[in-house]
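Novice: Below is the structure I would like to discuss, written out as structure tokens.
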Amino acid sequence: MNVEISDLTRRFGRTQAVAGVSLETGPGVFGLLGPNGAGKTSLLRMMATVLPPTSGRLRLLGRDPGSFGPRREIRRRLGYLPQSLGYYPGFTVAEFVEYFALLKEMPPGQVPRAVAATLEQVGLGDKARAKLRTLSGGMLRRAGIAQAIVNHPELLLLDEPTAGLDPEQRVAFRALLRDLGQRATVVVSTHLVEDVGAACTEVALMERGKIVFHGTPAELIARGEGTAAAGDAPLERGYSAVLSAARSATPAPAPAPASAPTVAKAPPA
Amino acid sequence: MTAMTAAPARPRAPRAASAAPLTAARLLRIELRRNAMPWVLPLIAALFWFDSYRPSTGQPPFYLLRTFWNMGQGHTIIDFGPFVAGVAAWMGSRDGRRRTRDLVTVVPRARYTAQLATWAATAIWAVGAYLVCVGVMFAVYAHQGVAGEPPWWWVAVGATAVAAFSAAGFAVGVFFSSRFAAPLAAFAGFFAMAESSQTGFRDSGGWALILPTNSNGNFQPDSGIFYRYLPDLPIARLMFLGGIAVAALGLLGLPAWAGGPRLRRAAAVITVAGVAATGTAVGLASTARLSPHGIVIPALHDAASDQPIRYAPVCGRAAGVPVCLNPAYRPYLADVTAALAPALREVSGLPGAPVRVSQVGALYDYSNGVGSEAMTITGHPPLLSLPLGATLGTLPGPTGDPGPDGRHHHRASATGAFDQTLGLLFAHAFVGAGNRAGTPAQQAVQASLMQGMGIPLAAQPSVLNFGPPSWAPAGKSASGPVYVAARRLTALGPAARQAWLATHLTALRSGQLTLGQLP
């Protein structure tokens with residue numbers, strides 16, 4: 001298993017963003033669905049070793065990220081695209097990707113070739129020398145994906161990777177996801193169910209910090225069949241049905257935050 | 001819970017030990033290309049031109065005087081420091097401002113390493129620009145024929161100060177990573193410089209000498225001409241500024257996000273070492289004392305630094321007496337011989353009259369100000385020692401400042417003051433008044449000699465203002481018993497006055513004569 005999570009929680013003050021999540025997954029594309037504020041980003045940031053869990057057990061690539069040495073080894077094999085991508089506007093696309101390749105301790109001799117190949121992969125080969133400040137939102141997103149995959153990660157965590165991509169780019173990106181999923185564990189957090197249907201082999205649905213569904217996309221579709229759940233596509237109906245069932249089973253104890261806080265504590269080194 | 005089949009981890013190429021320097025070099029290359037510092041360098045260069053270079057060209061063409069204005073008083077550091085601190089803070093706050101903290105956190109390379117690369121690029125631009133500005137300035141000075149040795153130690157102090165500003169500013173940016181970090185650091189840098197300058201004006205000794213803009217530790221009129229710039233205080237200042245830089249950079253490695261436990265321990269050691277160096281430097285500066293060649297710090301002093309600079313004098317003649325100067329003063333030889341000629345003619349033939357004039361290195365006296373060092377007449381045959389550097393404020397001749405026509409200005413307006421100053425210093429030495437006002441009889445003979453040199457009695461009280469206050473007789477007009485006696489002596493005529501002086505010079509110099517004993 002590349003990801004082993006058991007009873008993981010994360011609190012920000014009085015808000016419980018992740019409330020006892022258990023999950024195991026290996027290579028393939030894993031979709032993490034859920035409404036805004038469900039805890040997806042917090043879970044992903046814990047998996048990315050940005051946030052330490054409040055409690056529970058987390059093992060990534062067979063290692064415990066709580067200790068410095070293993071955490072460093074995990075990070076060497078990790079790719080991460082945050083929900084809100086920060087970037088250096090003065091850097092060119094190639095410099096941005098090269099910068100993170102070097103920080104990921106790639107052998108410096110391999111970096112130029114890896115950068116060029118990655119930019120071709122995300123369709124930014126012709127923009128390699130363009131400054132990031134000149135790129136559109138979709139291109140920036142692709143530059144972010146490029147920095148995440150430049151080191152050929154074994155665990156790739158993508159938070160809303162298709163936000164800002166046009167339909168053509170989204171289709172190409174799903175193909176890239178399927179390709180990456182052949183040899184790595186790719187966890188994609190999204191609220192766009194069509195991405196999950198097209199690219200994911202496995203899917204989990206989060207609500208109020210808990211996983212309320214875990215299965216294949218086909219199983220999620222099946223949950224919506226024969227119900228009056230809202231949605232234009234089978235997956236959307238399954239998504240709505242699962243959410244409705246979860247909400248009726250456990251009424252909200254307190255108003256959920258509009259979105260999970262992004263920074264509450266200094267991240268571990 | 002569904003689990004997918006786990007694939008075996010792919011083998012990774014082992015990381016070569018040689019990869020680290022190459023990686024650091026590549027990071028540095030990116031940071032150098034995308035650093036914000038070059039954007040403010042034109043502004044700094046313009047400030048440097050108007051604040052540091054341009055005003056210095058009004059000084060006589062000696063490296064010491066030119067660079068005392070812009071380096072000795074810290075103008076070059078003031079021009080660079082606040083801007084460098086501000087830009088460094090801007091770079092240090094980059095991850096916070098650009099919301100890239102998560103990205104730079106989830107990499108295996110310690111964030112401290114990446115930060116050091118960013119700082120190094122910032123510092124390289126800043127220090128490089130400082131050295132280029134100073135180098136160009138020195139090249140222009142050399143083209144203008146500025147004499148003496150350039151103060152390389154001051155250059156080293158300035159460059160280290162710029163590095164310290166960059167490190168401190170960067171640390172401010174890292175720990176307060178908002179868009180306000182840059183103006184905050186720039187203002188703090190400016191405030192530190194202003195406070196340092198004020199302390200420099202106030203304190204001429206003790207720990208305050210460690211401040212790089214404290215001019216009191218930097219000025220000796222003939223440094224780089226008769227003797228070398230003493231490195232003692234610059235070494236202490238290098239320790240002080242280097243310690244600040246090291247401590248600031250060490251602080252970056254202390255937080256949990258900076259890196260692993262070993263790296264953080266190393267950062268703690270670096271911080272402590274920086275603080276220790278800074279504290280040691282302050283302690284050393286408090287032991288400083290003024291020597292004839294500049295500021296000496298006993299623990300750092302090397303006696304070899306006291307060795308004079310060897311030179312072949314350039315000589316002329318004044319009233320038949322050889323006048324020899326350091327070759328750095330060659331442009332002033334004609335002015336000096338012209339100024340000394342009336343004085344030497346006035347005492348020509350007397351037993352105590354100097355048979356040779358030789359320039360000696362001058363010593364700046366912080367208590368009295370420049371010009372306090374008197375000429376002396378010593379030895380057999382008598383030799384006049386001329387500390388010309390003590391009269392730097394009245395030196396005539398070229399300033400090295402090219403005018404609109406491209407030709408160098410000539411400080412002709414100062415020639416009269418220079419002649420009168422040299423006349424006063426000569427007469428003062430001849431009557432044996434030393435570095436005091438002298439006895440009333442000595443003052444009266446001095447006044448009579450100056451009258452003989454062409455300096456009217458009525459003008460003498462203002463000439464005496466060139467000397468230290470203790471030289472001036474009471475009153476601002478040429479009246480009173482001293483001037484009455486001087487008029488009496490002058491009325492005797494040159495031959496009778498010379499004859500009286502030949503008889504009474506020894507008693508006059510020993511201070512045994514009273515006004516009543518004058519003819």
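We name chains A, B, ... following the order of the structure tokens; residues begin at 1 in each chain, and ligands are numbered from 1 as shown.
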Show which residues sit within 12 Å of Trp39 (chain B), as a short mmCIF file (atom, residue, chain, number, x, y, z; two decimals) with C-alpha atoms, in the first residue's frame. Count only C-alpha atoms, and ignore same-chain residues fewer than 3 positions away.
Specialist:
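out.cif was written with the following content:
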data_model
loop_
_atom_site.label_atom_id
_atom_site.label_comp_id
_atom_site.auth_asym_id
_atom_site.auth_seq_id
_atom_site.Cartn_x
_atom_site.Cartn_y
_atom_site.Cartn_z
CA ARG B 33 18.42 35.70 -12.95
CA ARG B 34 15.14 36.35 -11.18
CA ASN B 35 16.30 38.47 -8.27
CA ALA B 36 14.64 41.80 -7.55
CA PRO B 42 19.97 52.13 -11.00
CA LEU B 43 18.38 54.05 -8.14
CA ILE B 44 21.21 53.14 -5.78
CA ALA B 45 23.80 54.04 -8.43
CA PHE B 83 17.63 49.74 -0.19
CA VAL B 84 19.52 46.49 0.11
CA VAL B 87 14.94 44.34 -1.36
CA THR B 122 20.49 38.90 -3.36
CA TRP B 125 23.93 41.45 -6.61
CA ALA B 126 24.16 43.95 -3.76
CA ALA B 129 27.06 46.48 -7.22
#
Novice: Write out as a list in words each polymer residue whose atoms come within 9 Å of Lys104 (chain A), counting only C-alpha atoms; drop sequence neighbours fewer than 5 positions from it.
Specialist: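 That gives Arg75, Arg76, Arg77, Leu78, Tyr99 and Asn151 of chain A; Val106, Val107, Pro108 and Arg109 of chain B.
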Novice: Nearest to Leu81 (chain A) among A:Tyr239, A:Phe100, A:Phe68, A:Phe213, with distances taken over only C-alpha atoms: which residue is it?
Specialist: A:Phe100
Novice: Can you tell me, as JSON, numbers by chain, what residues are no more than 6 Å from Ala89 (chain B) when counting only C-alpha atoms, ignoring any on the same chain fewer than 5 positions away?
Specialist: {"B": [169, 170, 172, 173, 181, 182]}
Novice: Excluding region 487-495 of chain B and its own-chain neighbours fewer than 3 positions away, which residues fall within 6 Å of it when counting only C-alpha atoms? Please give them as a VMD selection string.
Specialist: chain B and resid 448 484 498
Novice: Out of region 60-143 of chain A, which residues get alpha helix (DSSP H) from DSSP, as a PyMOL selection string?
Specialist: chain A and resi 68-76+93-103+111-121+137-143
Novice: Write out, as a compact mmCIF listing (two decimals), in the first residue's frame, the residues just selected, with C-alpha atoms.
Specialist:
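Once written, part34.txt looks like this:
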# COMPACT_ATOMS: atom_id res chain seq x y z
CA PHE A 68 12.27 13.48 9.89
CA GLY A 69 14.26 10.86 7.95
CA PRO A 70 11.28 8.91 6.57
CA ARG A 71 9.42 12.13 5.88
CA ARG A 72 12.32 13.35 3.77
CA GLU A 73 12.35 10.07 1.86
CA ILE A 74 8.60 10.34 1.27
CA ARG A 75 8.99 13.89 0.01
CA ARG A 76 11.65 12.77 -2.42
CA VAL A 93 7.82 28.17 -16.87
CA ALA A 94 10.99 26.13 -17.33
CA GLU A 95 12.73 27.85 -14.41
CA PHE A 96 9.74 27.25 -12.16
CA VAL A 97 9.70 23.54 -12.90
CA GLU A 98 13.50 23.31 -12.76
CA TYR A 99 13.52 25.08 -9.41
CA PHE A 100 11.22 22.49 -7.86
CA ALA A 101 13.03 19.63 -9.57
CA LEU A 102 16.20 20.78 -7.84
CA LEU A 103 14.42 21.17 -4.51
CA VAL A 111 16.94 18.00 -14.56
CA PRO A 112 17.00 19.82 -17.94
CA ARG A 113 15.77 16.76 -19.83
CA ALA A 114 13.14 15.99 -17.20
CA VAL A 115 11.89 19.57 -17.28
CA ALA A 116 11.60 19.60 -21.06
CA ALA A 117 9.81 16.25 -21.11
CA THR A 118 7.40 17.27 -18.37
CA LEU A 119 6.51 20.53 -20.08
CA GLU A 120 5.75 18.58 -23.26
CA GLN A 121 3.61 16.22 -21.19
CA GLY A 137 -5.11 30.52 -15.40
CA GLY A 138 -5.25 27.20 -17.21
CA MET A 139 -1.63 27.39 -18.27
CA LEU A 140 -0.61 28.23 -14.71
CA ARG A 141 -2.48 25.16 -13.52
CA ARG A 142 -0.57 23.07 -16.02
CA ALA A 143 2.71 24.61 -14.87
Novice: Please identify which residues in region 68-152 of chain A DSSP calls strand (DSSP E or B) from the backbone, and express them as a ChimeraX atom specification.
Specialist: /A:78-81,92,131
Novice: Looking at B:Ser178, B:Thr280, B:Thr271, B:Gln115, which one is nearest to chain A, with distances taken over only C-alpha atoms?
Specialist: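 Closest residue, counting only C-alpha atoms: B:Gln115.
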Novice: Smallest atom-to-atom distance to Ala175 (chain A): which of A:Val122, A:Glu219, A:Met106, A:Arg10, using only C-alpha atoms?
Specialist: A:Val122
Novice: Skipping near chain neighbours, those fewer than 5 positions away, what residues fall within 10 Å of region 263-267 of chain B using only C-alpha atoms, listed as a list in words?
Specialist: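 Answer for this query is Ala110, Tyr112, Thr113, Val246, Ala247, Leu249, Gly250, Leu251, Leu252, Gly253, Leu254, Pro255, Ala256, Trp257, Ala258, Val272 and Ala273 of chain B.
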Novice: Near Arg45 (chain A), within 9 Å and counting only C-alpha atoms, which residues show up once chain neighbours fewer than 3 positions away are dropped, as an mmCIF file with N, CA and C atoms, in the first residue's frame?
Specialist:
data_model
loop_
_atom_site.group_PDB
_atom_site.id
_atom_site.type_symbol
_atom_site.label_atom_id
_atom_site.label_comp_id
_atom_site.auth_asym_id
_atom_site.auth_seq_id
_atom_site.Cartn_x
_atom_site.Cartn_y
_atom_site.Cartn_z
ATOM 1 N N LYS A 40 -11.435 17.663 2.246
ATOM 2 C CA LYS A 40 -10.565 17.060 1.223
ATOM 3 C C LYS A 40 -9.160 17.678 1.255
ATOM 4 N N THR A 41 -9.156 19.003 1.262
ATOM 5 C CA THR A 41 -7.857 19.686 1.201
ATOM 6 C C THR A 41 -7.028 19.404 2.458
ATOM 7 N N SER A 42 -7.685 19.394 3.596
ATOM 8 C CA SER A 42 -6.944 19.102 4.837
ATOM 9 C C SER A 42 -6.366 17.691 4.790
ATOM 10 N N ALA A 48 0.312 15.122 2.095
ATOM 11 C CA ALA A 48 1.464 15.774 1.459
ATOM 12 C C ALA A 48 2.551 16.134 2.476
ATOM 13 N N THR A 49 2.336 15.788 3.736
ATOM 14 C CA THR A 49 3.259 16.073 4.849
ATOM 15 C C THR A 49 3.383 17.581 5.128
ATOM 16 N N VAL A 50 2.404 18.354 4.661
ATOM 17 C CA VAL A 50 2.409 19.784 4.990
ATOM 18 C C VAL A 50 1.871 19.978 6.402
ATOM 19 N N LEU A 51 0.806 19.254 6.698
ATOM 20 C CA LEU A 51 0.145 19.362 8.003
ATOM 21 C C LEU A 51 0.380 18.090 8.795
ATOM 22 N N PRO A 52 0.715 18.196 10.060
ATOM 23 C CA PRO A 52 0.751 16.987 10.880
ATOM 24 C C PRO A 52 -0.664 16.641 11.349
ATOM 25 N N TYR A 80 3.049 17.175 -5.452
ATOM 26 C CA TYR A 80 1.898 17.808 -4.804
ATOM 27 C C TYR A 80 1.517 19.073 -5.554
ATOM 28 N N PRO A 82 -1.025 22.062 -4.831
ATOM 29 C CA PRO A 82 -1.991 22.611 -3.872
ATOM 30 C C PRO A 82 -3.222 23.172 -4.583
ATOM 31 N N LEU A 157 -0.263 13.904 -5.389
ATOM 32 C CA LEU A 157 -1.452 14.457 -4.743
ATOM 33 C C LEU A 157 -1.859 15.726 -5.477
ATOM 34 N N THR A 262 -6.615 26.822 5.551
ATOM 35 C CA THR A 262 -5.463 26.284 4.830
ATOM 36 C C THR A 262 -4.191 26.272 5.671
ATOM 37 N N ASP B 102 3.547 25.938 0.880
ATOM 38 C CA ASP B 102 3.260 24.505 0.809
ATOM 39 C C ASP B 102 4.195 23.823 -0.196
#
Novice: Excluding region 234-238 of chain A and any residue of its chain fewer than 6 positions from it, enumerate the residues within 10 Å of it, using only C-alpha atoms, and give them as a VMD selection string.
Specialist: chain A and resid 192 to 194 196 to 197 217 to 228 244
Novice: Between B:Arg99, B:Arg228, B:Arg94, B:Arg345, which residue has the minimum interatomic distance to chain A, considering only C-alpha atoms?
Specialist: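 The closest residue to chain A is B:Arg99.
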Novice: Which value, in Å to one decimal, gives the distance between CA of Thr160 (chain B) and CA of Thr213 (chain B)?
Specialist: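 Result for CA of Thr160 (chain B) versus CA of Thr213 (chain B): 13.0 Å, one decimal.
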Novice: One decimal, Å: what's the distance from CA of Ala17 (chain A) over to CA of Ser55 (chain A), could you say?
Specialist: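 The value is 12.1 Å.
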Novice: To one decimal place in Å, what is the distance between CA of Leu243 (chain A) and CA of Val188 (chain A)?
Specialist: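 Straight-line distance from CA of Leu243 (chain A) to CA of Val188 (chain A) works out to 18.9 Å.
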Novice: Given the choices A:Met1, A:Leu8, A:Ala199, A:Ile149, which gets closest to chain B if the distance is worked out from only C-alpha atoms?
Specialist: A:Met1
Novice: Find, counting only C-alpha atoms, the residue in B:Ala85, B:Val134, B:Ala374, B:Ala46 that gets nearest to Thr67 (chain B).
Specialist: B:Val134
